[in-house]
Each structure stands twice: as C-alpha cells, then as structure tokens.
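Read through the structure below, which is laid out as structure tokens, and then see the notes.
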There are 2 protein chains.
Amino acid sequence: MRVRVESDVLKKNKEIALLNRSFLKEKGVLTINLMASPGAGKTSLILNTLTTLDVPFAVIEGDIASSIDTDTLKSHGIPAVQINTGGSCHLNASMVKRALEQVTFGRCKILFIENVGNLVCPAPFDLGEDLKIVLSSIPEGDDKPYKYPQIFTVAQAIIINKIDLIPFVDFNMEKYERGVRAINMKVPIFKVSCKTGEGIEEWMVWLRKYLS
Amino acid sequence: MRVRVESDVLKKNKEIALLNRSFLKEKGVLTINLMASPGAGKTSLILNTLTTLDVPFAVIEGDIASSIDTDTLKSHGIPAVQINTGGSCHLNASMVKRALEQVTFGRCKILFIENVGNLVCPAPFDLGEDLKIVLSSIPEGDDKPYKYPQIFTVAQAIIINKIDLIPFVDFNMEKYERGVRAINMKVPIFKVSCKTGEGIEEWMVWLRKYLS
C-alpha cells in the first residue's frame, strides 16, 4: 500500500515535471536542481556562480520555513522567487510549476532551483530541470556517497564545497571519490571553496558548455 | 488526502512507540533518539558519550544504506544493532521495535538510537524514546534553527558539535541561540567538540541526572 502511494505520487510528479521541462525549453533556459545537506553552502554556490557568469539568470528558493536564503540573494541584488514547502522535506514539480508563474524570465538563460536541505528525499523527484547537481561539503565527511547513494547516483555533477577547511578536519578525498565512482562512474567532481573562490573557475568552464 | 495519509501513519506510529516505551521502561533503560543533519557527528557523539559514561549501554544505528557507523562503533568495542531503512528518510517506531528484539540488554542503563541524517523527516516520529536530542554542527551555519524549526522545537537538549572549527568559519553563536530560544525557550544547549573533547563534561553532567 505504501509503495503504491509513493509510486502514484512519483508518477503524478513526473507528468507535471514534463510540463515544466517543456515550458523551460521554450523559454531557452538551462535549469539546475541543486541538492545538498543543510548547510553545505547551496546559497553561497548560487551567489558565486551567478556573480561570475555574465548571463541573465533567475533563482527559485525552496525552504521549509523562513526566507533567509531569498533575503541573502536579494541583498546581493539577485531576485529570487520563494517556495515555502509548508513542512515538506523536498521540492516537487507542482511547487516549481507554481513558482515558475512568478519568475520574470526576460532574457534569462539560466535558472537555479535551490532544493530543501536534505540528502535523501529530493533525489527521486524530477522538477523539470536539465541538470541535477549535488553539493557536498568537506566537514560533512568523506562517507556521504556510501551512506546516501541515491542522490549521488542521480547527480550529473558533484561539487565539494569548503575545501578551505581540509587542513582542520579528517577528510580523505580519495575515499570520497572512490565512493562516488562506485555508483556514478563518469560524473564530474568539482572541488571548490565558495569562501575563497578556489575551484569556482573549473565549475564555470563546465557549466558554460551547457549555456552555449 | 495527503494529510489524511500522514495523520494515519503518525497515529499508527504512535501506537507502536507506546509499546516500545513501555518495554524500555520495564527494562529500566534511558532511551535517546539522536537526530541531526548528515555529517554533524552523531556517531562521534555516541562514541564520546559511551566511552566517558561508566554504565552499560546499547546502540541502535539507523541508516539508509551501508553499515559504516555500526562498523565504526564495533571497531571501538561498542556492539550496535543496525537498521537499514531501505531508502526511508527517518526511523519509525516499527523499525525500532524490530531492532529492540535483537538488542542484548543485560544490565544496560542507556540506549542510543542514531536516527537517519536528516533535519526534517525524523522530527514528528515518536520512537518510544525518553529524550529527543538534536545535534547541530558549527560548519552547518547559525541559521539552522530558523530554517528547520520543527526539529529544534521537539528537542529536549541541543548539542552544537565541532566548536573547534569556530575560528575558521562564519558562525554567530548569539544568532544561533536566539533562533533556538524563539521556538524552544528553556532547552539546554551544549557546545562541544567530539574531536578535542571540549564541552563533553557539561553534557555528561546533564545526562547523568537522567540516569540516577
């Protein structure tokens, strides 16, 4: 019974995701679904990316409560549409569809959707995006790909943030990468610090290929 | 419809949680449900606590996949019963009930249940525990109580781990505590480093009161 309910939910979600995808394709927008644990640095990565890229953009911010991330982006001159999920632990295509109606697209070329901070529940929900990106962070530890395999399996790129903290924590990069490779053999892995800017350029080079 | 399904699930969960609570009370065991984001240091806190306390204990480890945390505990001589949730993003009372059948209680006085790494989904699920403890960590940021209020509301103690990283990250302790106080006025907040051992003694003093 539980499996049936979940499968119905995912089927319905998929239908709406296809509508979103078709709408976004028509607009000519590259859409990124950014997924991570709480506090991995999703908003910082969006800020770093959008202030480095020289293309018009839009942002949808998903959060259970509060508008802290939307306010952070707005304080940097980045307009963002807020989704409060009302307790739900992930975004779904229907929430994104409603948010899309509020986005001013203009000449927008890239849309970031910041998912709820959660390494589990967002994984199976298609939002209509072009790319699923998983953001890890050094202090979370090198065992995350082993413990939360589903989200690392669906990622089309993985970014490890907070590499400036490597000297102060126990993190074995080789073990982390081995964990990723076991479930997602060819996914690119970018090592960045949103604080110092290190590694952001490599991620930009990769992302720009999808924009051209 | 969705609300009805959730409410039925929580009602059924509550019934089983009451059975667990009654069973554990009969055994004379203090049971702790430990909840946190991925990588906040749940297993490290359990290790630190159990090697400092001088009472017999048991551990139940909840994880989506892998037995990494159980293996870590076993390598320190701590026997743990493993629950693999099979993709589910939180423990429920029924999973814990099955695990309890495998625990060797003997003269056990304290049982730690390590929940799945998730700041959202575990919050409403009673497992039959005596205390719900939320573990935060410094690198996750000072905004977590504002963004994930439900889990901070239900906590009977909050522990902030990784205070050894304070010099290297932007974390405003006053802002964090203000966020906690806004939703959970009297909850004790312990500041610890499982790496250096700093602050563990204050947490021990508090915990020992429940054991006497």
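The chains in the structure tokens are called A, B, ... from first to last as shown; in each chain the residues are counted from 1, and the ligands are counted from 1 in the order shown.
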Residue set, segment 74-176 of chain A restricted to strand (DSSP E or B), as JSON, numbers by chain: {"A": [80, 81, 82, 83, 84, 110, 111, 112, 113, 114, 131, 132, 133, 134, 135, 136, 137, 157, 158, 159, 160, 161]}
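Excluding Ile200 of chain A and any residue on its chain fewer than 2 positions from it, the residues at most 9 Å away by only C-alpha atoms are Leu45, Asn48, Thr49, Thr52, Phe190, Lys191, Val192, Ser193, Cys194, Gly197, Glu198, Glu202, Trp203, Met204 and Val205 of chain A.
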Fit chain A to chain B, using all C-alpha atoms paired in sequence order for the least-squares superposition, and then show me the result as a short mmCIF file (atom, residue, chain, number, x, y, z; two decimals) with C-alpha atoms, in the first residue's frame.
data_model
loop_
_atom_site.label_atom_id
_atom_site.label_comp_id
_atom_site.auth_asym_id
_atom_site.auth_seq_id
_atom_site.Cartn_x
_atom_site.Cartn_y
_atom_site.Cartn_z
CA MET A 1 -5.96 13.01 1.08
CA ARG A 2 -2.23 13.51 1.63
CA VAL A 3 -2.81 14.95 5.10
CA ARG A 4 -5.08 11.99 5.95
CA VAL A 5 -2.40 9.45 4.89
CA GLU A 6 0.24 11.28 6.99
CA SER A 7 -2.03 11.51 9.99
CA ASP A 8 -2.84 7.76 9.78
CA VAL A 9 0.88 6.95 9.53
CA LEU A 10 1.68 9.06 12.59
CA LYS A 11 -1.23 7.57 14.57
CA LYS A 12 -0.12 4.01 13.83
CA ASN A 13 3.48 5.01 14.64
CA LYS A 14 2.39 6.44 17.99
CA GLU A 15 0.71 3.17 18.97
CA ILE A 16 3.90 1.18 18.35
CA ALA A 17 6.02 3.86 20.04
CA LEU A 18 3.92 3.40 23.19
CA LEU A 19 4.69 -0.35 23.13
CA ASN A 20 8.41 0.43 22.75
CA ARG A 21 8.28 2.95 25.60
CA SER A 22 6.56 0.50 27.91
CA PHE A 23 9.07 -2.26 26.99
CA LEU A 24 12.05 0.06 27.60
CA LYS A 25 10.63 1.33 30.88
CA GLU A 26 10.29 -2.23 32.09
CA LYS A 27 13.94 -2.82 31.21
CA GLY A 28 14.91 0.30 33.17
CA VAL A 29 16.67 1.82 30.17
CA LEU A 30 17.02 5.55 29.38
CA THR A 31 16.48 5.85 25.63
CA ILE A 32 17.80 8.70 23.48
CA ASN A 33 16.70 9.47 19.93
CA LEU A 34 19.63 11.36 18.37
CA MET A 35 18.73 13.47 15.33
CA ALA A 36 20.97 15.61 13.09
CA SER A 37 21.96 16.58 9.55
CA PRO A 38 24.24 14.24 7.61
CA GLY A 39 27.78 14.59 8.93
CA ALA A 40 27.04 16.59 12.11
CA GLY A 41 28.86 13.95 14.17
CA LYS A 42 26.14 11.67 15.60
CA THR A 43 28.34 8.58 15.74
CA SER A 44 31.24 10.58 17.22
CA LEU A 45 28.97 11.95 19.94
CA ILE A 46 27.72 8.45 20.79
CA LEU A 47 31.32 7.20 20.94
CA ASN A 48 32.42 10.10 23.17
CA THR A 49 29.41 9.73 25.46
CA LEU A 50 29.58 5.97 25.90
CA THR A 51 33.33 5.84 26.47
CA THR A 52 33.01 8.61 29.12
CA LEU A 53 29.96 7.22 30.97
CA ASP A 54 30.60 4.29 33.27
CA VAL A 55 27.27 2.49 32.74
CA PRO A 56 26.27 -0.46 30.52
CA PHE A 57 24.72 0.67 27.25
CA ALA A 58 23.28 -0.38 23.89
CA VAL A 59 23.13 1.31 20.47
CA ILE A 60 20.71 1.10 17.55
CA GLU A 61 22.07 2.58 14.30
CA GLY A 62 19.68 3.80 11.63
CA ASP A 63 20.96 4.26 8.11
CA ILE A 64 19.52 4.29 4.61
CA ALA A 65 22.30 2.13 3.22
CA SER A 66 25.67 0.85 4.47
CA SER A 67 26.81 -0.23 7.93
CA ILE A 68 29.61 2.35 8.21
CA ASP A 69 28.50 3.77 11.58
CA THR A 70 27.82 0.35 13.07
CA ASP A 71 31.29 -0.77 11.90
CA THR A 72 32.87 2.36 13.45
CA LEU A 73 31.22 1.63 16.79
CA LYS A 74 32.18 -2.07 16.62
CA SER A 75 35.80 -1.13 15.93
CA HIS A 76 35.68 0.67 19.31
CA GLY A 77 34.22 -2.36 21.04
CA ILE A 78 30.66 -0.97 21.07
CA PRO A 79 28.10 -3.52 19.87
CA ALA A 80 25.34 -1.92 17.80
CA VAL A 81 22.19 -3.24 16.15
CA GLN A 82 21.85 -1.99 12.58
CA ILE A 83 18.61 -0.81 10.97
CA ASN A 84 18.77 -0.29 7.23
CA THR A 85 15.72 1.77 6.38
CA GLY A 86 15.65 0.65 2.75
CA GLY A 87 15.51 4.18 1.41
CA SER A 88 13.30 5.69 4.09
CA CYS A 89 14.47 9.09 5.29
CA HIS A 90 13.79 8.58 9.01
CA LEU A 91 13.34 5.84 11.60
CA ASN A 92 9.86 4.91 12.77
CA ALA A 93 8.64 3.06 15.84
CA SER A 94 8.08 -0.16 13.94
CA MET A 95 11.71 -0.33 12.72
CA VAL A 96 12.89 0.32 16.28
CA LYS A 97 10.54 -2.36 17.66
CA ARG A 98 12.13 -4.97 15.38
CA ALA A 99 15.63 -3.76 16.33
CA LEU A 100 14.79 -3.96 20.06
CA GLU A 101 14.24 -7.70 19.65
CA GLN A 102 17.91 -8.02 18.66
CA VAL A 103 19.38 -5.88 21.45
CA THR A 104 21.11 -7.77 24.28
CA PHE A 105 20.03 -5.65 27.26
CA GLY A 106 21.68 -7.40 30.22
CA ARG A 107 22.33 -4.66 32.81
CA CYS A 108 21.99 -1.94 30.14
CA LYS A 109 21.08 1.51 31.52
CA ILE A 110 21.18 3.66 28.41
CA LEU A 111 20.17 3.08 24.78
CA PHE A 112 21.20 5.45 21.99
CA ILE A 113 19.18 5.37 18.78
CA GLU A 114 21.04 7.13 15.97
CA ASN A 115 18.44 8.38 13.50
CA VAL A 116 18.97 8.85 9.74
CA GLY A 117 20.94 12.02 8.89
CA ASN A 118 18.08 14.42 8.18
CA LEU A 119 16.92 17.67 9.85
CA VAL A 120 13.34 17.35 8.60
CA CYS A 121 11.68 13.95 8.46
CA PRO A 122 12.62 12.37 11.83
CA ALA A 123 11.02 15.21 13.85
CA PRO A 124 7.37 14.03 14.08
CA PHE A 125 8.11 10.30 14.61
CA ASP A 126 7.98 9.12 18.22
CA LEU A 127 10.20 6.03 18.56
CA GLY A 128 9.37 5.35 22.21
CA GLU A 129 12.40 7.31 23.45
CA ASP A 130 12.70 9.24 26.71
CA LEU A 131 14.72 12.10 25.21
CA LYS A 132 14.95 13.65 21.76
CA ILE A 133 18.40 15.20 21.27
CA VAL A 134 19.26 17.40 18.28
CA LEU A 135 22.90 17.63 17.25
CA SER A 136 23.97 20.67 15.21
CA SER A 137 27.46 21.42 13.98
CA ILE A 138 29.31 24.69 13.53
CA PRO A 139 30.02 24.39 9.76
CA GLU A 140 26.29 23.93 9.04
CA GLY A 141 25.78 27.56 9.97
CA ASP A 142 23.98 29.62 12.59
CA ASP A 143 20.69 29.78 10.66
CA LYS A 144 19.60 26.17 11.16
CA PRO A 145 17.08 26.80 14.00
CA TYR A 146 15.36 29.37 11.75
CA LYS A 147 15.26 27.11 8.70
CA TYR A 148 14.38 23.77 10.32
CA PRO A 149 12.24 24.88 13.28
CA GLN A 150 10.24 21.68 13.85
CA ILE A 151 13.19 19.53 14.91
CA PHE A 152 14.54 22.23 17.22
CA THR A 153 11.08 22.61 18.77
CA VAL A 154 10.81 18.95 19.79
CA ALA A 155 14.40 18.72 21.18
CA GLN A 156 14.88 18.19 24.92
CA ALA A 157 18.56 19.08 24.56
CA ILE A 158 20.60 20.61 21.74
CA ILE A 159 24.28 19.91 21.24
CA ILE A 160 26.44 22.02 18.92
CA ASN A 161 29.40 19.95 17.78
CA LYS A 162 32.68 20.95 16.05
CA ILE A 163 33.29 24.09 18.13
CA ASP A 164 37.00 23.57 17.30
CA LEU A 165 36.09 24.91 13.80
CA ILE A 166 34.72 28.25 15.08
CA PRO A 167 37.92 30.18 14.17
CA PHE A 168 37.68 29.03 10.53
CA VAL A 169 34.01 29.63 9.66
CA ASP A 170 31.43 32.40 9.97
CA PHE A 171 29.22 31.32 12.84
CA ASN A 172 27.41 33.74 15.14
CA MET A 173 26.63 31.82 18.36
CA GLU A 174 24.39 34.58 19.66
CA LYS A 175 22.26 34.41 16.47
CA TYR A 176 22.05 30.60 16.72
CA GLU A 177 20.96 30.69 20.36
CA ARG A 178 18.42 33.45 19.65
CA GLY A 179 16.96 31.19 16.92
CA VAL A 180 16.65 28.29 19.34
CA ARG A 181 15.16 30.41 22.14
CA ALA A 182 12.47 31.78 19.81
CA ILE A 183 10.96 28.28 19.45
CA ASN A 184 12.21 26.31 22.47
CA MET A 185 12.74 28.69 25.34
CA LYS A 186 14.32 26.57 28.06
CA VAL A 187 16.11 23.78 26.17
CA PRO A 188 19.73 23.31 27.33
CA ILE A 189 22.35 23.97 24.64
CA PHE A 190 25.72 22.22 24.97
CA LYS A 191 28.74 23.38 22.98
CA VAL A 192 31.15 20.54 22.34
CA SER A 193 33.94 19.26 20.16
CA CYS A 194 33.88 15.49 19.77
CA LYS A 195 37.36 15.85 18.28
CA THR A 196 39.05 17.64 21.22
CA GLY A 197 36.64 16.56 23.99
CA GLU A 198 35.87 20.18 24.90
CA GLY A 199 32.43 20.64 26.47
CA ILE A 200 31.66 16.91 26.73
CA GLU A 201 31.77 17.03 30.56
CA GLU A 202 28.88 19.56 30.77
CA TRP A 203 26.76 17.30 28.57
CA MET A 204 27.70 14.32 30.78
CA VAL A 205 26.62 16.16 33.96
CA TRP A 206 23.21 16.84 32.42
CA LEU A 207 22.79 13.30 31.07
CA ARG A 208 23.82 11.65 34.37
CA LYS A 209 20.86 13.31 36.11
CA TYR A 210 18.54 11.20 33.94
CA LEU A 211 20.45 8.04 34.82
CA SER A 212 20.29 8.37 38.59
#
DSSP on the backbone: which residues in segment 63-207 of chain A end up as helix (DSSP H, G or I)? Give the answer as a PDB file with N, CA and C atoms, in the first residue's frame.
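Dumped everything to states32.pdb:
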ATOM      1  N   ILE A  68      15.266  33.169   4.598  1.00  0.00           N
ATOM      2  CA  ILE A  68      16.644  33.607   4.844  1.00  0.00           C
ATOM      3  C   ILE A  68      17.477  33.588   3.566  1.00  0.00           C
ATOM      4  N   ASP A  69      17.389  32.503   2.787  1.00  0.00           N
ATOM      5  CA  ASP A  69      18.221  32.390   1.586  1.00  0.00           C
ATOM      6  C   ASP A  69      17.785  33.393   0.515  1.00  0.00           C
ATOM      7  N   THR A  70      16.463  33.537   0.374  1.00  0.00           N
ATOM      8  CA  THR A  70      15.943  34.517  -0.586  1.00  0.00           C
ATOM      9  C   THR A  70      16.416  35.915  -0.196  1.00  0.00           C
ATOM     10  N   ASP A  71      16.375  36.229   1.099  1.00  0.00           N
ATOM     11  CA  ASP A  71      16.821  37.543   1.576  1.00  0.00           C
ATOM     12  C   ASP A  71      18.319  37.735   1.307  1.00  0.00           C
ATOM     13  N   THR A  72      19.118  36.669   1.525  1.00  0.00           N
ATOM     14  CA  THR A  72      20.559  36.743   1.254  1.00  0.00           C
ATOM     15  C   THR A  72      20.807  37.091  -0.209  1.00  0.00           C
ATOM     16  N   LEU A  73      20.105  36.372  -1.091  1.00  0.00           N
ATOM     17  CA  LEU A  73      20.282  36.626  -2.526  1.00  0.00           C
ATOM     18  C   LEU A  73      19.843  38.049  -2.870  1.00  0.00           C
ATOM     19  N   LYS A  74      18.696  38.473  -2.323  1.00  0.00           N
ATOM     20  CA  LYS A  74      18.188  39.827  -2.625  1.00  0.00           C
ATOM     21  C   LYS A  74      19.159  40.900  -2.155  1.00  0.00           C
ATOM     22  N   SER A  75      19.830  40.637  -1.030  1.00  0.00           N
ATOM     23  CA  SER A  75      20.788  41.621  -0.506  1.00  0.00           C
ATOM     24  C   SER A  75      21.995  41.746  -1.440  1.00  0.00           C
ATOM     25  N   ALA A  93       7.477  18.857  -8.484  1.00  0.00           N
ATOM     26  CA  ALA A  93       7.265  19.562  -9.748  1.00  0.00           C
ATOM     27  C   ALA A  93       6.106  20.549  -9.664  1.00  0.00           C
ATOM     28  N   SER A  94       5.118  20.213  -8.860  1.00  0.00           N
ATOM     29  CA  SER A  94       3.953  21.076  -8.744  1.00  0.00           C
ATOM     30  C   SER A  94       4.309  22.403  -8.044  1.00  0.00           C
ATOM     31  N   MET A  95       5.118  22.326  -6.984  1.00  0.00           N
ATOM     32  CA  MET A  95       5.581  23.553  -6.313  1.00  0.00           C
ATOM     33  C   MET A  95       6.374  24.427  -7.284  1.00  0.00           C
ATOM     34  N   VAL A  96       7.224  23.768  -8.075  1.00  0.00           N
ATOM     35  CA  VAL A  96       8.066  24.513  -9.028  1.00  0.00           C
ATOM     36  C   VAL A  96       7.203  25.139 -10.115  1.00  0.00           C
ATOM     37  N   LYS A  97       6.169  24.398 -10.552  1.00  0.00           N
ATOM     38  CA  LYS A  97       5.267  24.929 -11.592  1.00  0.00           C
ATOM     39  C   LYS A  97       4.630  26.241 -11.129  1.00  0.00           C
ATOM     40  N   ARG A  98       4.165  26.251  -9.875  1.00  0.00           N
ATOM     41  CA  ARG A  98       3.548  27.490  -9.349  1.00  0.00           C
ATOM     42  C   ARG A  98       4.592  28.608  -9.264  1.00  0.00           C
ATOM     43  N   ALA A  99       5.805  28.258  -8.846  1.00  0.00           N
ATOM     44  CA  ALA A  99       6.867  29.272  -8.729  1.00  0.00           C
ATOM     45  C   ALA A  99       7.234  29.842 -10.101  1.00  0.00           C
ATOM     46  N   LEU A 100       7.214  28.982 -11.130  1.00  0.00           N
ATOM     47  CA  LEU A 100       7.598  29.422 -12.485  1.00  0.00           C
ATOM     48  C   LEU A 100       6.683  30.542 -12.988  1.00  0.00           C
ATOM     49  N   ILE A 138      33.106  19.554   2.800  1.00  0.00           N
ATOM     50  CA  ILE A 138      34.182  18.837   3.494  1.00  0.00           C
ATOM     51  C   ILE A 138      33.815  18.436   4.929  1.00  0.00           C
ATOM     52  N   PRO A 139      33.260  19.346   5.762  1.00  0.00           N
ATOM     53  CA  PRO A 139      33.011  18.945   7.157  1.00  0.00           C
ATOM     54  C   PRO A 139      31.964  17.842   7.313  1.00  0.00           C
ATOM     55  N   GLU A 140      31.152  17.601   6.292  1.00  0.00           N
ATOM     56  CA  GLU A 140      30.160  16.509   6.370  1.00  0.00           C
ATOM     57  C   GLU A 140      30.820  15.135   6.377  1.00  0.00           C
ATOM     58  N   LYS A 144      29.838  10.266   2.800  1.00  0.00           N
ATOM     59  CA  LYS A 144      28.473  10.586   2.326  1.00  0.00           C
ATOM     60  C   LYS A 144      28.035   9.818   1.081  1.00  0.00           C
ATOM     61  N   PRO A 145      28.892   9.616   0.065  1.00  0.00           N
ATOM     62  CA  PRO A 145      28.438   8.836  -1.098  1.00  0.00           C
ATOM     63  C   PRO A 145      28.067   7.393  -0.734  1.00  0.00           C
ATOM     64  N   TYR A 146      28.688   6.853   0.311  1.00  0.00           N
ATOM     65  CA  TYR A 146      28.388   5.483   0.744  1.00  0.00           C
ATOM     66  C   TYR A 146      27.052   5.433   1.500  1.00  0.00           C
ATOM     67  N   LYS A 147      26.765   6.505   2.252  1.00  0.00           N
ATOM     68  CA  LYS A 147      25.599   6.481   3.132  1.00  0.00           C
ATOM     69  C   LYS A 147      24.322   7.015   2.479  1.00  0.00           C
ATOM     70  N   PRO A 149      23.524   6.904  -1.133  1.00  0.00           N
ATOM     71  CA  PRO A 149      23.887   6.627  -2.533  1.00  0.00           C
ATOM     72  C   PRO A 149      22.913   7.164  -3.574  1.00  0.00           C
ATOM     73  N   GLN A 150      21.604   7.179  -3.252  1.00  0.00           N
ATOM     74  CA  GLN A 150      20.636   7.510  -4.318  1.00  0.00           C
ATOM     75  C   GLN A 150      20.886   8.883  -4.927  1.00  0.00           C
ATOM     76  N   ILE A 151      21.146   9.877  -4.048  1.00  0.00           N
ATOM     77  CA  ILE A 151      21.295  11.250  -4.547  1.00  0.00           C
ATOM     78  C   ILE A 151      22.589  11.399  -5.351  1.00  0.00           C
ATOM     79  N   PHE A 152      23.624  10.649  -4.966  1.00  0.00           N
ATOM     80  CA  PHE A 152      24.874  10.714  -5.727  1.00  0.00           C
ATOM     81  C   PHE A 152      24.741   9.974  -7.070  1.00  0.00           C
ATOM     82  N   THR A 153      23.840   9.007  -7.117  1.00  0.00           N
ATOM     83  CA  THR A 153      23.616   8.258  -8.357  1.00  0.00           C
ATOM     84  C   THR A 153      22.946   9.127  -9.415  1.00  0.00           C
ATOM     85  N   VAL A 154      22.004   9.977  -8.997  1.00  0.00           N
ATOM     86  CA  VAL A 154      21.241  10.765  -9.982  1.00  0.00           C
ATOM     87  C   VAL A 154      21.961  12.061 -10.382  1.00  0.00           C
ATOM     88  N   ILE A 163      36.537  23.446   0.679  1.00  0.00           N
ATOM     89  CA  ILE A 163      37.865  22.805   0.659  1.00  0.00           C
ATOM     90  C   ILE A 163      38.880  23.603   1.480  1.00  0.00           C
ATOM     91  N   ASP A 164      38.551  24.862   1.807  1.00  0.00           N
ATOM     92  CA  ASP A 164      39.436  25.646   2.694  1.00  0.00           C
ATOM     93  C   ASP A 164      39.508  25.025   4.095  1.00  0.00           C
ATOM     94  N   LEU A 165      38.543  24.135   4.436  1.00  0.00           N
ATOM     95  CA  LEU A 165      38.542  23.515   5.778  1.00  0.00           C
ATOM     96  C   LEU A 165      39.306  22.183   5.821  1.00  0.00           C
ATOM     97  N   ILE A 166      39.833  21.748   4.693  1.00  0.00           N
ATOM     98  CA  ILE A 166      40.545  20.450   4.652  1.00  0.00           C
ATOM     99  C   ILE A 166      41.643  20.331   5.722  1.00  0.00           C
ATOM    100  N   PRO A 167      42.440  21.395   5.966  1.00  0.00           N
ATOM    101  CA  PRO A 167      43.505  21.234   6.974  1.00  0.00           C
ATOM    102  C   PRO A 167      42.985  20.996   8.401  1.00  0.00           C
ATOM    103  N   PHE A 168      41.711  21.288   8.655  1.00  0.00           N
ATOM    104  CA  PHE A 168      41.204  21.272  10.031  1.00  0.00           C
ATOM    105  C   PHE A 168      40.272  20.102  10.343  1.00  0.00           C
ATOM    106  N   MET A 173      39.951  12.526   0.570  1.00  0.00           N
ATOM    107  CA  MET A 173      39.368  12.809  -0.755  1.00  0.00           C
ATOM    108  C   MET A 173      39.338  11.565  -1.629  1.00  0.00           C
ATOM    109  N   GLU A 174      40.368  10.740  -1.482  1.00  0.00           N
ATOM    110  CA  GLU A 174      40.438   9.535  -2.318  1.00  0.00           C
ATOM    111  C   GLU A 174      39.272   8.591  -1.962  1.00  0.00           C
ATOM    112  N   LYS A 175      38.977   8.478  -0.665  1.00  0.00           N
ATOM    113  CA  LYS A 175      37.859   7.632  -0.217  1.00  0.00           C
ATOM    114  C   LYS A 175      36.522   8.188  -0.735  1.00  0.00           C
ATOM    115  N   TYR A 176      36.357   9.509  -0.644  1.00  0.00           N
ATOM    116  CA  TYR A 176      35.131  10.158  -1.137  1.00  0.00           C
ATOM    117  C   TYR A 176      34.935   9.850  -2.621  1.00  0.00           C
ATOM    118  N   GLU A 177      35.982  10.097  -3.410  1.00  0.00           N
ATOM    119  CA  GLU A 177      35.879   9.908  -4.861  1.00  0.00           C
ATOM    120  C   GLU A 177      35.627   8.445  -5.218  1.00  0.00           C
ATOM    121  N   ARG A 178      36.257   7.529  -4.465  1.00  0.00           N
ATOM    122  CA  ARG A 178      36.025   6.105  -4.693  1.00  0.00           C
ATOM    123  C   ARG A 178      34.546   5.768  -4.450  1.00  0.00           C
ATOM    124  N   GLY A 179      33.964   6.389  -3.416  1.00  0.00           N
ATOM    125  CA  GLY A 179      32.543   6.186  -3.105  1.00  0.00           C
ATOM    126  C   GLY A 179      31.646   6.684  -4.225  1.00  0.00           C
ATOM    127  N   VAL A 180      31.979   7.819  -4.780  1.00  0.00           N
ATOM    128  CA  VAL A 180      31.202   8.364  -5.902  1.00  0.00           C
ATOM    129  C   VAL A 180      31.343   7.460  -7.128  1.00  0.00           C
ATOM    130  N   ARG A 181      32.553   7.103  -7.452  1.00  0.00           N
ATOM    131  CA  ARG A 181      32.821   6.302  -8.670  1.00  0.00           C
ATOM    132  C   ARG A 181      32.132   4.944  -8.639  1.00  0.00           C
ATOM    133  N   ALA A 182      31.944   4.395  -7.424  1.00  0.00           N
ATOM    134  CA  ALA A 182      31.297   3.081  -7.304  1.00  0.00           C
ATOM    135  C   ALA A 182      29.853   3.114  -7.786  1.00  0.00           C
ATOM    136  N   ILE A 183      29.218   4.292  -7.734  1.00  0.00           N
ATOM    137  CA  ILE A 183      27.793   4.370  -8.106  1.00  0.00           C
ATOM    138  C   ILE A 183      27.527   5.299  -9.290  1.00  0.00           C
ATOM    139  N   ILE A 200      36.241  27.565  -8.351  1.00  0.00           N
ATOM    140  CA  ILE A 200      34.988  28.005  -8.988  1.00  0.00           C
ATOM    141  C   ILE A 200      35.160  28.059 -10.518  1.00  0.00           C
ATOM    142  N   GLU A 201      36.348  28.460 -10.987  1.00  0.00           N
ATOM    143  CA  GLU A 201      36.552  28.614 -12.433  1.00  0.00           C
ATOM    144  C   GLU A 201      36.348  27.282 -13.183  1.00  0.00           C
ATOM    145  N   GLU A 202      36.833  26.171 -12.613  1.00  0.00           N
ATOM    146  CA  GLU A 202      36.663  24.859 -13.275  1.00  0.00           C
ATOM    147  C   GLU A 202      35.170  24.520 -13.427  1.00  0.00           C
ATOM    148  N   TRP A 203      34.427  24.786 -12.380  1.00  0.00           N
ATOM    149  CA  TRP A 203      32.969  24.569 -12.409  1.00  0.00           C
ATOM    150  C   TRP A 203      32.325  25.483 -13.456  1.00  0.00           C
ATOM    151  N   MET A 204      32.798  26.707 -13.586  1.00  0.00           N
ATOM    152  CA  MET A 204      32.262  27.647 -14.573  1.00  0.00           C
ATOM    153  C   MET A 204      32.505  27.142 -15.995  1.00  0.00           C
ATOM    154  N   VAL A 205      33.717  26.616 -16.238  1.00  0.00           N
ATOM    155  CA  VAL A 205      34.073  26.129 -17.578  1.00  0.00           C
ATOM    156  C   VAL A 205      33.107  25.015 -17.994  1.00  0.00           C
ATOM    157  N   TRP A 206      32.844  24.117 -17.044  1.00  0.00           N
ATOM    158  CA  TRP A 206      31.916  23.005 -17.316  1.00  0.00           C
ATOM    159  C   TRP A 206      30.503  23.520 -17.589  1.00  0.00           C
ATOM    160  N   LEU A 207      30.043  24.427 -16.717  1.00  0.00           N
ATOM    161  CA  LEU A 207      28.672  24.940 -16.812  1.00  0.00           C
ATOM    162  C   LEU A 207      28.468  25.728 -18.105  1.00  0.00           C
TER     163      LEU A 207
END
